[in-house]
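Participant: What follows is a structure written as structure tokens; I'll ask about it next.
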Amino acid sequence: MTVRPLQQKRGWAFSLAVPIIKPALLATTTRTWIDGEKIPATGGCILVFNHVSHIDPLTAAHLVYDHGRMPRYLAKSGLFKNKALSSFLRAAGQIPVERLTKNAKGAFDAAVAAVDAGECVVVYPEGTLTRDPDLWPMAGKTGAARIALETGAPVIPVGQWGAHNLLYPYAKKPHLFPRTQITMKVGDPVPLDDLRAMPHTMDTINQATTRIMDALTALVADLRHEQPPAERYDPRKAGIRVTGNPRKTGKREKS
């Protein structure tokens with residue numbers, strides 16, 4: 001469902017991917033998009049999504065692409081180890097992130113440059129699939145806040161729910177039929193203007209991160225018709241590393 005015409009040339013990577021991925025998503029999902037017009041039609045912006053499935057980047061791209069934007073992702077560097085896949089991802093404008101290394105700054109600089117150039121950068125502020133037992137947004141990383149404070153670009157939260165029923169976290173096989181309902185709701189820009197005027201200290205960055213995660217969690221709560229936990233799950237406090245495969249089950253949860 002094209003809501004707005006695409007604002008820029010697709011390039012060979014998107015021209016190759018769209019005719020393959022979009023029909024596959026149309027065949028395996030039904031979609032409810034709420035307030036998609038809040039995605040800026042032009043200009044640099046940062047879209048932040050909650051992360052419940054490895055399929056999320058594809059369903060998010062569907063929403064963003066059909067609203068006239070080409071998403072650029074901060075993607076795990078491991079995806080770039082395969083030469084063919086790396087060539088494709090780079091041609092599609094995706095940005096490799098080497099987490100917990102000194103090279104992570106290069107991803108930050110690339111994201112800032114992309115936003116400053118008027119592009120739409122998608123960030124999963126949790127940094128990985130949520131470890132919350134009930135799949136609520138967990139404690140956020142500071143990347144999206146840093147990019148927003150550096151560029152002055154709007155941060156647009158997008159709550160999404162349902163993708164875990166298509167591909168549960170860390171499951172190997174998707175549940176293709178019956179078609180999975182994917183619901184996404186786009187929120188208003190996160191209010192950060194007062195923080196942009198302040199020195200970008202860790203306290204300021206943490207305040208921005210909290211506001212981003214609060215806005216994102218509120219959207220997810222609205223979609224789920226449930227109250228979120230009083231305190232967001234923090235894997236560091238739980239002594240859990242955010243790498244590896246903490247879940248072995250592939251069961252399908254009810255939405």
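Chain lettering (A, B, ...) mirrors the order of the structure tokens, residue numbering begins at 1 for each chain separately, and ligand numbering begins at 1 in order of display.
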Could you list, as an MDAnalysis selection string, every residue within 8 Å of A:Thr28, counting only C-alpha atoms and ignoring same-chain residues fewer than 4 positions away?
Facilitator: chainID A and resid 24 176:180
Participant: Write the selection just made, keeping N, CA, C and O atoms, as a PDB file, in the first residue's frame?
Facilitator:
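Generated output (out.pdb):
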ATOM      1  N   ALA A  24       6.557 -11.032  -0.693  1.00  0.00           N
ATOM      2  CA  ALA A  24       6.622 -12.051   0.356  1.00  0.00           C
ATOM      3  C   ALA A  24       5.926 -11.578   1.626  1.00  0.00           C
ATOM      4  O   ALA A  24       5.208 -12.346   2.284  1.00  0.00           O
ATOM      5  N   LEU A 176       4.464 -19.091   8.653  1.00  0.00           N
ATOM      6  CA  LEU A 176       4.038 -18.357   7.465  1.00  0.00           C
ATOM      7  C   LEU A 176       2.522 -18.304   7.299  1.00  0.00           C
ATOM      8  O   LEU A 176       2.000 -17.344   6.733  1.00  0.00           O
ATOM      9  N   PHE A 177       1.813 -19.331   7.777  1.00  0.00           N
ATOM     10  CA  PHE A 177       0.364 -19.377   7.581  1.00  0.00           C
ATOM     11  C   PHE A 177      -0.307 -19.837   8.870  1.00  0.00           C
ATOM     12  O   PHE A 177       0.213 -20.731   9.559  1.00  0.00           O
ATOM     13  N   PRO A 178      -1.451 -19.261   9.214  1.00  0.00           N
ATOM     14  CA  PRO A 178      -2.127 -18.172   8.508  1.00  0.00           C
ATOM     15  C   PRO A 178      -1.316 -16.877   8.583  1.00  0.00           C
ATOM     16  O   PRO A 178      -0.386 -16.778   9.377  1.00  0.00           O
ATOM     17  N   ARG A 179      -1.690 -15.928   7.763  1.00  0.00           N
ATOM     18  CA  ARG A 179      -0.947 -14.679   7.717  1.00  0.00           C
ATOM     19  C   ARG A 179      -0.947 -13.995   9.080  1.00  0.00           C
ATOM     20  O   ARG A 179      -1.942 -14.004   9.793  1.00  0.00           O
ATOM     21  N   THR A 180       0.173 -13.397   9.410  1.00  0.00           N
ATOM     22  CA  THR A 180       0.366 -12.756  10.712  1.00  0.00           C
ATOM     23  C   THR A 180      -0.045 -11.282  10.650  1.00  0.00           C
ATOM     24  O   THR A 180       0.325 -10.569   9.717  1.00  0.00           O
TER      25      THR A 180
END
Participant: Please run DSSP on the backbone and report, as an MDAnalysis selection string, all residues within stretch 92-207 of chain A that come out as alpha helix (DSSP H).
Facilitator: chainID A and resid 104:116 143:151 163:166 193:196 202:207
Participant: Using atom CA of A:Pro137 and atom CA of A:Arg236 as the two end points, give the distance in Å to one decimal.
Facilitator: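 Atom CA of A:Arg236 lies at a distance of 14.5 Å from atom CA of A:Pro137.
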Participant: Could you pull out the strand (DSSP E) residues of stretch 87-239 of chain A from DSSP and send them as a list in words?
Facilitator: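 Reading the DSSP output for stretch 87-239 of chain A, strand (DSSP E) covers Ile95, Pro96, Val97, Cys120, Val121, Val122, Val123, Val155, Ile156, Pro157, Val158, Gly159, Gln160, Trp161, Thr180, Gln181, Ile182, Thr183, Met184, Lys185 and Val186 of chain A.
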Participant: Within 9 Å of A:Pro96, counting only C-alpha atoms, which residues show up once you throw out same-chain ones fewer than 3 positions away? Write them as a count of residues only, please.
Facilitator: 13
